[in-house]
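One file, target_5.cif, is given below (mmCIF, C-alpha atoms).
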data_target
#
loop_
_atom_site.label_atom_id
_atom_site.label_comp_id
_atom_site.auth_asym_id
_atom_site.auth_seq_id
_atom_site.Cartn_x
_atom_site.Cartn_y
_atom_site.Cartn_z
CA MET Z 1 20.44 21.15 86.16
CA GLU Z 2 19.36 20.27 82.65
CA THR Z 3 18.86 16.51 82.45
CA ALA Z 4 18.40 15.89 78.71
CA HIS Z 5 22.12 15.72 77.95
CA VAL Z 6 23.69 12.30 78.53
CA PRO Z 7 27.50 12.38 78.23
CA VAL Z 8 29.15 9.69 76.09
CA LEU Z 9 31.38 7.04 77.70
CA ALA Z 10 30.64 8.68 81.04
CA GLN Z 11 30.95 5.64 83.30
CA GLU Z 12 34.10 4.44 81.53
CA ALA Z 13 35.82 7.85 81.67
CA VAL Z 14 35.08 8.46 85.34
CA ALA Z 15 36.04 4.90 86.29
CA ALA Z 16 39.34 5.45 84.47
CA LEU Z 17 40.15 8.34 86.81
CA ALA Z 18 40.23 5.89 89.76
CA ILE Z 19 38.66 8.51 92.04
CA LYS Z 20 40.12 8.83 95.54
CA SER Z 21 37.68 9.90 98.22
CA ASP Z 22 39.81 12.88 99.28
CA GLY Z 23 41.32 13.64 95.87
CA VAL Z 24 41.33 16.81 93.79
CA TYR Z 25 40.00 16.48 90.23
CA VAL Z 26 39.41 18.67 87.18
CA ASP Z 27 36.53 18.32 84.74
CA ALA Z 28 37.90 20.64 82.08
CA THR Z 29 34.76 20.39 79.90
CA PHE Z 30 31.80 20.75 82.26
CA GLY Z 31 29.05 20.84 79.61
CA ARG Z 32 25.90 20.09 81.56
CA GLY Z 33 27.67 18.44 84.45
CA GLY Z 34 27.14 14.78 83.65
CA HIS Z 35 30.75 13.79 84.23
CA SER Z 36 31.08 16.19 87.15
CA GLN Z 37 28.12 14.64 88.94
CA LEU Z 38 29.60 11.16 88.57
CA ILE Z 39 32.91 12.40 89.99
CA LEU Z 40 31.15 14.10 92.91
CA ASP Z 41 29.25 10.88 93.61
CA ARG Z 42 32.58 9.14 94.15
CA LEU Z 43 34.26 11.89 96.17
CA GLY Z 44 34.08 12.02 99.94
CA PRO Z 45 33.52 15.14 102.07
CA GLY Z 46 37.19 16.06 101.79
CA GLY Z 47 37.36 15.75 98.02
CA ARG Z 48 37.35 18.64 95.56
CA LEU Z 49 36.28 19.11 91.94
CA ILE Z 50 37.25 22.06 89.74
CA ALA Z 51 35.17 22.32 86.56
CA LEU Z 52 35.81 24.57 83.56
CA ASP Z 53 33.75 25.56 80.55
CA ARG Z 54 33.99 28.53 78.22
CA ASP Z 55 30.29 28.42 77.34
CA PRO Z 56 28.31 30.81 79.59
CA ASP Z 57 25.20 28.62 79.15
CA ALA Z 58 27.08 25.73 80.76
CA ILE Z 59 28.10 27.91 83.68
CA ARG Z 60 24.51 29.08 84.18
CA ALA Z 61 23.24 25.49 84.07
CA GLY Z 62 25.93 24.42 86.53
CA ALA Z 63 24.75 26.95 89.11
CA ALA Z 64 21.95 24.51 89.94
CA LEU Z 65 24.48 21.90 91.02
CA GLN Z 66 24.77 22.97 94.64
CA ASP Z 67 27.83 21.26 96.11
CA ALA Z 68 30.48 22.86 98.29
CA ARG Z 69 33.12 20.53 96.84
CA LEU Z 70 32.59 21.95 93.33
CA THR Z 71 34.22 25.10 91.97
CA LEU Z 72 32.89 26.11 88.55
CA VAL Z 73 34.91 28.50 86.38
CA GLN Z 74 34.08 30.04 83.00
CA SER Z 75 37.28 29.58 81.05
CA ALA Z 76 38.70 27.91 77.98
CA PHE Z 77 40.52 24.78 79.10
CA SER Z 78 43.71 26.06 77.47
CA ARG Z 79 43.95 28.24 80.61
CA LEU Z 80 43.95 25.21 82.90
CA GLY Z 81 47.33 26.00 84.45
CA ALA Z 82 46.42 29.64 85.04
CA VAL Z 83 43.08 28.71 86.61
CA LEU Z 84 44.75 26.28 89.00
CA ASP Z 85 47.38 28.89 89.87
CA GLU Z 86 44.64 31.40 90.67
CA MET Z 87 43.15 28.84 93.06
CA GLY Z 88 46.47 27.96 94.65
CA VAL Z 89 46.25 24.37 93.40
CA ALA Z 90 49.64 22.97 92.34
CA GLN Z 91 48.74 19.36 91.57
CA VAL Z 92 45.62 17.27 91.07
CA ASP Z 93 44.75 13.58 91.11
CA GLY Z 94 42.95 13.42 87.79
CA ILE Z 95 41.80 15.42 84.77
CA LEU Z 96 38.95 14.69 82.38
CA LEU Z 97 38.57 16.21 78.91
CA ASP Z 98 35.47 15.64 76.75
CA ILE Z 99 36.43 17.35 73.49
CA GLY Z 100 34.16 19.04 70.98
CA VAL Z 101 30.67 20.48 70.85
CA SER Z 102 28.02 19.27 73.31
CA SER Z 103 24.50 18.09 72.57
CA PRO Z 104 22.88 21.15 74.25
CA GLN Z 105 24.93 23.42 71.99
CA LEU Z 106 23.79 21.50 68.91
CA ASP Z 107 20.18 21.38 70.08
CA ASP Z 108 19.91 25.12 70.82
CA ALA Z 109 18.93 26.70 67.50
CA THR Z 110 20.08 30.15 68.63
CA ARG Z 111 23.70 29.00 68.88
CA GLY Z 112 23.96 28.36 65.13
CA PHE Z 113 25.94 25.13 65.39
CA SER Z 114 23.47 22.91 63.54
CA PHE Z 115 21.83 22.96 60.13
CA ARG Z 116 18.80 21.17 61.59
CA PHE Z 117 17.41 24.63 62.38
CA ASP Z 118 17.40 27.83 60.35
CA ALA Z 119 19.08 30.17 62.80
CA PRO Z 120 21.71 32.92 62.97
CA LEU Z 121 25.04 31.51 61.80
CA ASP Z 122 27.15 31.88 64.95
CA MET Z 123 28.96 28.67 66.09
CA ARG Z 124 30.97 30.30 68.89
CA MET Z 125 31.27 28.28 72.10
CA ASP Z 126 31.56 31.59 73.91
CA PRO Z 127 29.19 33.97 72.10
CA GLY Z 128 30.85 36.91 73.82
CA SER Z 129 34.25 36.25 72.30
CA GLY Z 130 35.67 35.99 68.81
CA MET Z 131 34.15 36.17 65.34
CA SER Z 132 30.86 34.52 64.38
CA ALA Z 133 30.69 32.10 61.46
CA ALA Z 134 28.62 34.62 59.49
CA ASP Z 135 31.20 37.38 59.96
CA TRP Z 136 34.07 35.06 59.07
CA LEU Z 137 32.38 33.83 55.88
CA ALA Z 138 31.74 37.45 54.90
CA THR Z 139 35.43 38.39 55.07
CA ALA Z 140 37.55 35.26 54.49
CA THR Z 141 39.10 34.69 51.08
CA GLU Z 142 38.08 31.78 48.88
CA GLU Z 143 41.46 30.15 49.59
CA GLU Z 144 41.03 30.52 53.36
CA ILE Z 145 37.53 29.04 53.31
CA SER Z 146 38.67 26.15 51.14
CA GLU Z 147 41.65 25.39 53.36
CA VAL Z 148 39.55 25.40 56.55
CA ILE Z 149 36.88 23.12 55.11
CA ARG Z 150 39.49 20.77 53.65
CA SER Z 151 41.79 20.66 56.68
CA TYR Z 152 39.27 20.58 59.53
CA GLY Z 153 36.38 18.85 57.77
CA GLU Z 154 38.34 16.50 55.51
CA GLU Z 155 35.87 17.57 52.81
CA ARG Z 156 36.92 16.59 49.28
CA PHE Z 157 34.63 19.22 47.71
CA ALA Z 158 36.16 22.06 49.74
CA LYS Z 159 37.22 24.11 46.70
CA SER Z 160 33.79 23.94 45.09
CA ILE Z 161 32.07 24.85 48.35
CA ALA Z 162 34.39 27.81 48.95
CA ARG Z 163 33.85 29.05 45.41
CA ALA Z 164 30.06 28.82 45.83
CA ILE Z 165 30.19 30.69 49.16
CA VAL Z 166 32.21 33.57 47.72
CA ALA Z 167 29.91 33.81 44.69
CA ALA Z 168 26.77 33.73 46.84
CA ARG Z 169 27.93 36.40 49.28
CA GLN Z 170 28.37 38.85 46.41
CA GLU Z 171 24.62 38.64 45.91
CA ALA Z 172 23.57 38.61 49.58
CA PRO Z 173 25.24 38.05 52.98
CA ILE Z 174 25.17 34.46 54.32
CA ARG Z 175 23.72 35.04 57.75
CA SER Z 176 21.81 31.87 58.62
CA THR Z 177 22.51 28.17 59.02
CA GLY Z 178 19.76 27.40 56.53
CA GLN Z 179 21.34 29.57 53.85
CA LEU Z 180 24.74 27.94 54.26
CA ALA Z 181 23.36 24.38 54.41
CA SER Z 182 21.24 24.89 51.28
CA LEU Z 183 24.17 26.43 49.42
CA ILE Z 184 26.42 23.48 50.27
CA ALA Z 185 23.71 20.95 49.43
CA ALA Z 186 23.31 22.53 45.99
CA THR Z 187 27.07 22.42 45.44
CA VAL Z 188 27.91 18.90 46.63
CA LYS Z 189 26.44 16.46 44.13
CA LYS Z 190 27.92 13.23 45.53
CA ARG Z 191 26.59 12.60 49.01
CA GLU Z 192 27.70 10.18 51.71
CA PRO Z 193 24.92 7.77 52.70
CA GLY Z 194 23.06 8.93 55.79
CA GLN Z 195 24.98 12.21 56.05
CA HIS Z 196 23.84 15.72 55.13
CA PRO Z 197 26.25 17.24 52.57
CA ALA Z 198 26.88 20.20 54.89
CA THR Z 199 28.01 18.05 57.85
CA ARG Z 200 31.75 18.23 57.20
CA SER Z 201 31.73 21.95 56.34
CA PHE Z 202 29.77 22.93 59.46
CA GLN Z 203 32.10 20.84 61.57
CA ALA Z 204 35.17 22.38 59.96
CA ILE Z 205 34.03 25.99 60.42
CA ARG Z 206 33.13 25.32 64.07
CA ILE Z 207 36.48 23.70 64.84
CA TYR Z 208 38.35 26.56 63.16
CA LEU Z 209 36.42 29.42 64.76
CA ASN Z 210 36.73 27.97 68.26
CA ARG Z 211 40.39 27.00 67.76
CA GLU Z 212 39.49 23.56 69.05
CA LEU Z 213 42.62 21.74 67.88
CA GLU Z 214 44.89 24.52 69.12
CA GLU Z 215 43.09 24.52 72.47
CA LEU Z 216 43.55 20.76 72.75
CA SER Z 217 47.24 20.91 71.85
CA ALA Z 218 47.73 23.67 74.42
CA VAL Z 219 46.00 21.94 77.33
CA LEU Z 220 47.53 18.45 77.08
CA PRO Z 221 51.03 19.41 78.29
CA GLN Z 222 49.46 21.43 81.12
CA CYS Z 223 47.51 18.36 82.19
CA VAL Z 224 50.67 16.30 82.53
CA ASP Z 225 52.46 19.13 84.37
CA ARG Z 226 49.68 19.30 86.93
CA LEU Z 227 49.10 15.62 87.63
CA LYS Z 228 50.45 14.06 90.79
CA PRO Z 229 52.37 10.80 90.44
CA ALA Z 230 49.77 8.10 89.61
CA GLY Z 231 47.29 10.83 88.63
CA ARG Z 232 45.10 9.97 85.66
CA LEU Z 233 44.31 11.80 82.42
CA ALA Z 234 41.18 10.68 80.54
CA VAL Z 235 40.33 12.21 77.16
CA ILE Z 236 37.19 11.60 75.08
CA SER Z 237 37.31 12.76 71.47
CA PHE Z 238 34.79 12.58 68.62
CA HIS Z 239 36.82 13.61 65.59
CA SER Z 240 39.75 11.86 63.93
CA LEU Z 241 41.87 15.03 64.03
CA GLU Z 242 41.31 15.39 67.79
CA ASP Z 243 42.01 11.73 68.48
CA ARG Z 244 45.20 11.89 66.42
CA ILE Z 245 46.49 14.75 68.58
CA VAL Z 246 45.63 12.91 71.81
CA LYS Z 247 47.07 9.59 70.62
CA ARG Z 248 50.36 11.11 69.48
CA PHE Z 249 50.72 13.24 72.59
CA MET Z 250 50.17 10.32 74.97
CA ARG Z 251 52.48 8.11 72.92
CA ASP Z 252 55.27 10.70 72.89
CA GLU Z 253 54.90 11.38 76.62
CA ALA Z 254 55.07 7.65 77.31
CA LEU Z 255 58.22 7.21 75.17
CA GLY Z 256 60.05 10.17 76.66
CA GLU Z 257 62.88 12.02 74.97
CA GLN Z 258 64.41 10.12 72.07
CA ALA Z 259 68.02 10.42 70.94
CA PRO Z 260 68.54 11.79 67.43
CA ARG Z 261 69.40 9.18 64.83
CA ARG Z 262 73.08 8.25 64.59
CA LEU Z 263 73.91 10.41 67.59
CA PRO Z 264 75.03 8.29 70.55
CA ILE Z 265 73.56 9.89 73.67
CA PRO Z 266 73.48 7.96 76.96
CA ALA Z 267 69.96 7.05 78.01
CA ALA Z 268 70.57 8.69 81.38
CA MET Z 269 70.85 12.07 79.65
CA LEU Z 270 67.44 11.78 78.03
CA LYS Z 271 64.25 12.83 79.78
CA PRO Z 272 62.14 9.79 80.67
CA GLY Z 273 58.51 9.48 79.73
CA ARG Z 274 56.01 11.19 82.01
CA LEU Z 275 52.97 9.06 81.15
CA LYS Z 276 52.09 5.39 81.19
CA LEU Z 277 49.39 4.36 78.73
CA LEU Z 278 46.53 2.46 80.37
CA GLY Z 279 44.89 -0.06 78.09
CA ARG Z 280 43.76 0.48 74.54
CA ALA Z 281 41.43 3.13 73.19
CA GLN Z 282 37.85 2.48 74.30
CA HIS Z 283 34.76 2.90 72.12
CA ALA Z 284 31.10 3.14 73.07
CA ALA Z 285 29.25 -0.15 73.35
CA ASP Z 286 26.56 -1.03 70.81
CA ALA Z 287 23.80 -0.27 73.31
CA GLU Z 288 25.11 3.25 73.93
CA VAL Z 289 25.48 3.93 70.21
CA ALA Z 290 21.91 2.73 69.63
CA ALA Z 291 20.63 5.07 72.35
CA ASN Z 292 22.87 7.97 71.32
CA PRO Z 293 24.15 7.93 67.69
CA ARG Z 294 26.72 10.63 68.54
CA ALA Z 295 28.58 7.99 70.55
CA ARG Z 296 29.56 6.04 67.44
CA SER Z 297 32.65 8.20 66.83
CA ALA Z 298 33.69 8.58 70.49
CA VAL Z 299 37.14 7.41 71.56
CA LEU Z 300 38.41 7.33 75.17
CA ARG Z 301 42.15 7.29 75.88
CA VAL Z 302 43.62 7.07 79.38
CA ALA Z 303 47.13 7.58 80.74
CA GLU Z 304 48.75 7.76 84.17
CA ARG Z 305 51.45 10.15 85.42
CA VAL Z 306 54.74 8.54 86.32
CA GLY Z 307 57.85 9.90 88.01
CA GLU Z 308 58.07 13.22 89.78
CA ALA Z 309 55.23 15.69 89.14
CA ALA Z 310 55.95 19.40 88.91
CA ALA Z 311 55.98 21.23 92.25
#
Would you write the structure of this file as structure tokens?
Amino acid sequence: METAHVPVLAQEAVAALAIKSDGVYVDATFGRGGHSQLILDRLGPGGRLIALDRDPDAIRAGAALQDARLTLVQSAFSRLGAVLDEMGVAQVDGILLDIGVSSPQLDDATRGFSFRFDAPLDMRMDPGSGMSAADWLATATEEEISEVIRSYGEERFAKSIARAIVAARQEAPIRSTGQLASLIAATVKKREPGQHPATRSFQAIRIYLNRELEELSAVLPQCVDRLKPAGRLAVISFHSLEDRIVKRFMRDEALGEQAPRRLPIPAAMLKPGRLKLLGRAQHAADAEVAANPRARSAVLRVAERVGEAAA
């Protein structure tokens, strides 16, 4: 296993799962196995861990984690229900999601996620699937590029950046991270302190290409469907858009079905909430942020399944 990657809020997230020795758990974002190893350390001989990741590099790295209790599957986590069906697993005791790009993906220049290296502009979590960032930028309209950068990156200079990209590609294709970062840096005149001007745009393009918000919205209901009563769902997010989706989903699932305004419907006819929120959102401690700056934006939310789980 690669040992350089240290997952954020790892101890807190795994503790939140309240691991049972003989339980069945899902690490839906294996990465480099940091969370999975902590779960395995708490499982007994009769326990089981199912881990998913759509990145083939993660699957290759995970092959070194020799443990009969672990089943590792290359899959987007939006297929969680289908993967469990294929394994004959109806319900599980806990599910962990660590959303977003991982440090190994950012640190590998060949993946094209980071502007720290001049590399092919790819950004796909699964390089064998979908369109690369370079191909998308070559074909998307100015309006599409602007909307993506504005919506997913919350970038106020999205229109100017999109205009500059379309003008530049008429002269030469934008094929490398260095080209795109330099182009954005030349376009964005007002810079946030301590942040490269291309940060928000790179983040936005990555989120869009990998359908990260759609994947998250798709997996959350499946998680609740598959949890046993008292099963735990722990989600770590790093972006405000991700955290907003998680927060609203958990809140709505805790509230249950609400009657329409001014329409008197007996409470017994409304579906009760399926989740119970456990504590407040957790953030990384100062010491963890000092050791790993990426942890500064991390948010952990935890909920527990109530009532009857799906059969």
Q) Can you list, as number ranges by chain, every protein, DNA or RNA residue that comes within 6 Å of segment 5-18 of chain Z when you count all atoms listed in the file, leaving out same-chain residues fewer than 5 positions away? A) Z: 34, 94, 232, 295
Q | Atomic separation - atom CA of Leu38 of chain Z relative to atom CA of Ala234 of chain Z, Å | A |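 Spanning atom CA of Ala234 of chain Z to atom CA of Leu38 of chain Z is a straight-line distance of 14.1 Å.
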Q: Considering all atoms listed in the file, state which residue in the set Z:Ile95, Z:Val306, Z:Ala168, Z:Ala290 is at the smallest distance from Leu233 of chain Z.
A: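 Looking only at the distances to Leu233 of chain Z, the closest residue turns out to be Z:Ile95.
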Q: Please evaluate the PyMOL selection byres ((chain Z and resi 100) around 8) against the displayed coordinates and give the resulting residues as a list of chain:residue names.
A: Z:Asp98, Z:Ile99, Z:Val101, Z:Ser102, Z:Glu212, Z:Ser237, Z:Phe238
Could those selected residues go to a file with C-alpha atoms, as a tab-separated table (two decimals), in the frame of the given file?
chain	number	residue	atom	x	y	z
Z	98	ASP	CA	35.47	15.64	76.75
Z	99	ILE	CA	36.43	17.35	73.49
Z	101	VAL	CA	30.67	20.48	70.85
Z	102	SER	CA	28.02	19.27	73.31
Z	212	GLU	CA	39.49	23.56	69.05
Z	237	SER	CA	37.31	12.76	71.47
Z	238	PHE	CA	34.79	12.58	68.62
Q | All residues 10 Å or closer to Ile59 of chain Z, only C-alpha atoms, same chain fewer than 3 positions away omitted, as a count of residues only | A | 17
Q. Any idea what the distance is between atom CA of Asp118 of chain Z and atom CA of Arg175 of chain Z?
A.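 Going from atom CA of Asp118 of chain Z over to atom CA of Arg175 of chain Z covers 9.9 Å.
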Q: Tell me which residues the PyMOL selection byres ((chain Z and resi 298) around 7) grabs here, as JSON, numbers by chain.
A: {"Z": [236, 237, 238, 283, 284, 295, 296, 297, 299, 300]}
Could you spell out the hits of the PyMOL selection byres ((chain Z and resi 115) around 10) on the shown file, as a PDB file with C-alpha atoms, in the coordinates of the input?
ATOM      1  CA  LEU Z 106      23.790  21.500  68.910  1.00  0.00           C
ATOM      2  CA  ALA Z 109      18.930  26.700  67.500  1.00  0.00           C
ATOM      3  CA  GLY Z 112      23.960  28.360  65.130  1.00  0.00           C
ATOM      4  CA  PHE Z 113      25.940  25.130  65.390  1.00  0.00           C
ATOM      5  CA  SER Z 114      23.470  22.910  63.540  1.00  0.00           C
ATOM      6  CA  ARG Z 116      18.800  21.170  61.590  1.00  0.00           C
ATOM      7  CA  PHE Z 117      17.410  24.630  62.380  1.00  0.00           C
ATOM      8  CA  ASP Z 118      17.400  27.830  60.350  1.00  0.00           C
ATOM      9  CA  ALA Z 119      19.080  30.170  62.800  1.00  0.00           C
ATOM     10  CA  LEU Z 121      25.040  31.510  61.800  1.00  0.00           C
ATOM     11  CA  SER Z 176      21.810  31.870  58.620  1.00  0.00           C
ATOM     12  CA  THR Z 177      22.510  28.170  59.020  1.00  0.00           C
ATOM     13  CA  GLY Z 178      19.760  27.400  56.530  1.00  0.00           C
ATOM     14  CA  GLN Z 179      21.340  29.570  53.850  1.00  0.00           C
ATOM     15  CA  LEU Z 180      24.740  27.940  54.260  1.00  0.00           C
ATOM     16  CA  ALA Z 181      23.360  24.380  54.410  1.00  0.00           C
ATOM     17  CA  SER Z 182      21.240  24.890  51.280  1.00  0.00           C
ATOM     18  CA  HIS Z 196      23.840  15.720  55.130  1.00  0.00           C
ATOM     19  CA  ALA Z 198      26.880  20.200  54.890  1.00  0.00           C
ATOM     20  CA  THR Z 199      28.010  18.050  57.850  1.00  0.00           C
ATOM     21  CA  PHE Z 202      29.770  22.930  59.460  1.00  0.00           C
TER      22      PHE Z 202
END
Q. Do you know which residues are at most 10 Å from Ala230 of chain Z counting only C-alpha atoms, after dropping those on the same chain fewer than 4 positions away, and could you put them as a ChimeraX atom specification?
A. /Z:18,93-94,275-276,303-309
**Q.** Between atom CA of Asp126 of chain Z and atom CA of Leu209 of chain Z, distance in Å (one decimal)
**A.**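 Value for the atom CA of Asp126 of chain Z-atom CA of Leu209 of chain Z distance: 10.6 Å.
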With a distance cut-off of 12 Å and only C-alpha atoms, select the neighbouring residues of Thr139 of chain Z, excluding the residue or stretch itself and same-chain residues fewer than 4 positions from it, and output the selection as a tab-separated table (two decimals) with C-alpha atoms, keeping the file's coordinate frame.
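Result file is selection.tsv:
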chain	number	residue	atom	x	y	z
Z	131	MET	CA	34.15	36.17	65.34
Z	132	SER	CA	30.86	34.52	64.38
Z	133	ALA	CA	30.69	32.10	61.46
Z	134	ALA	CA	28.62	34.62	59.49
Z	135	ASP	CA	31.20	37.38	59.96
Z	143	GLU	CA	41.46	30.15	49.59
Z	144	GLU	CA	41.03	30.52	53.36
Z	145	ILE	CA	37.53	29.04	53.31
Z	165	ILE	CA	30.19	30.69	49.16
Z	166	VAL	CA	32.21	33.57	47.72
Z	169	ARG	CA	27.93	36.40	49.28
Z	170	GLN	CA	28.37	38.85	46.41
Z	173	PRO	CA	25.24	38.05	52.98
Z	174	ILE	CA	25.17	34.46	54.32
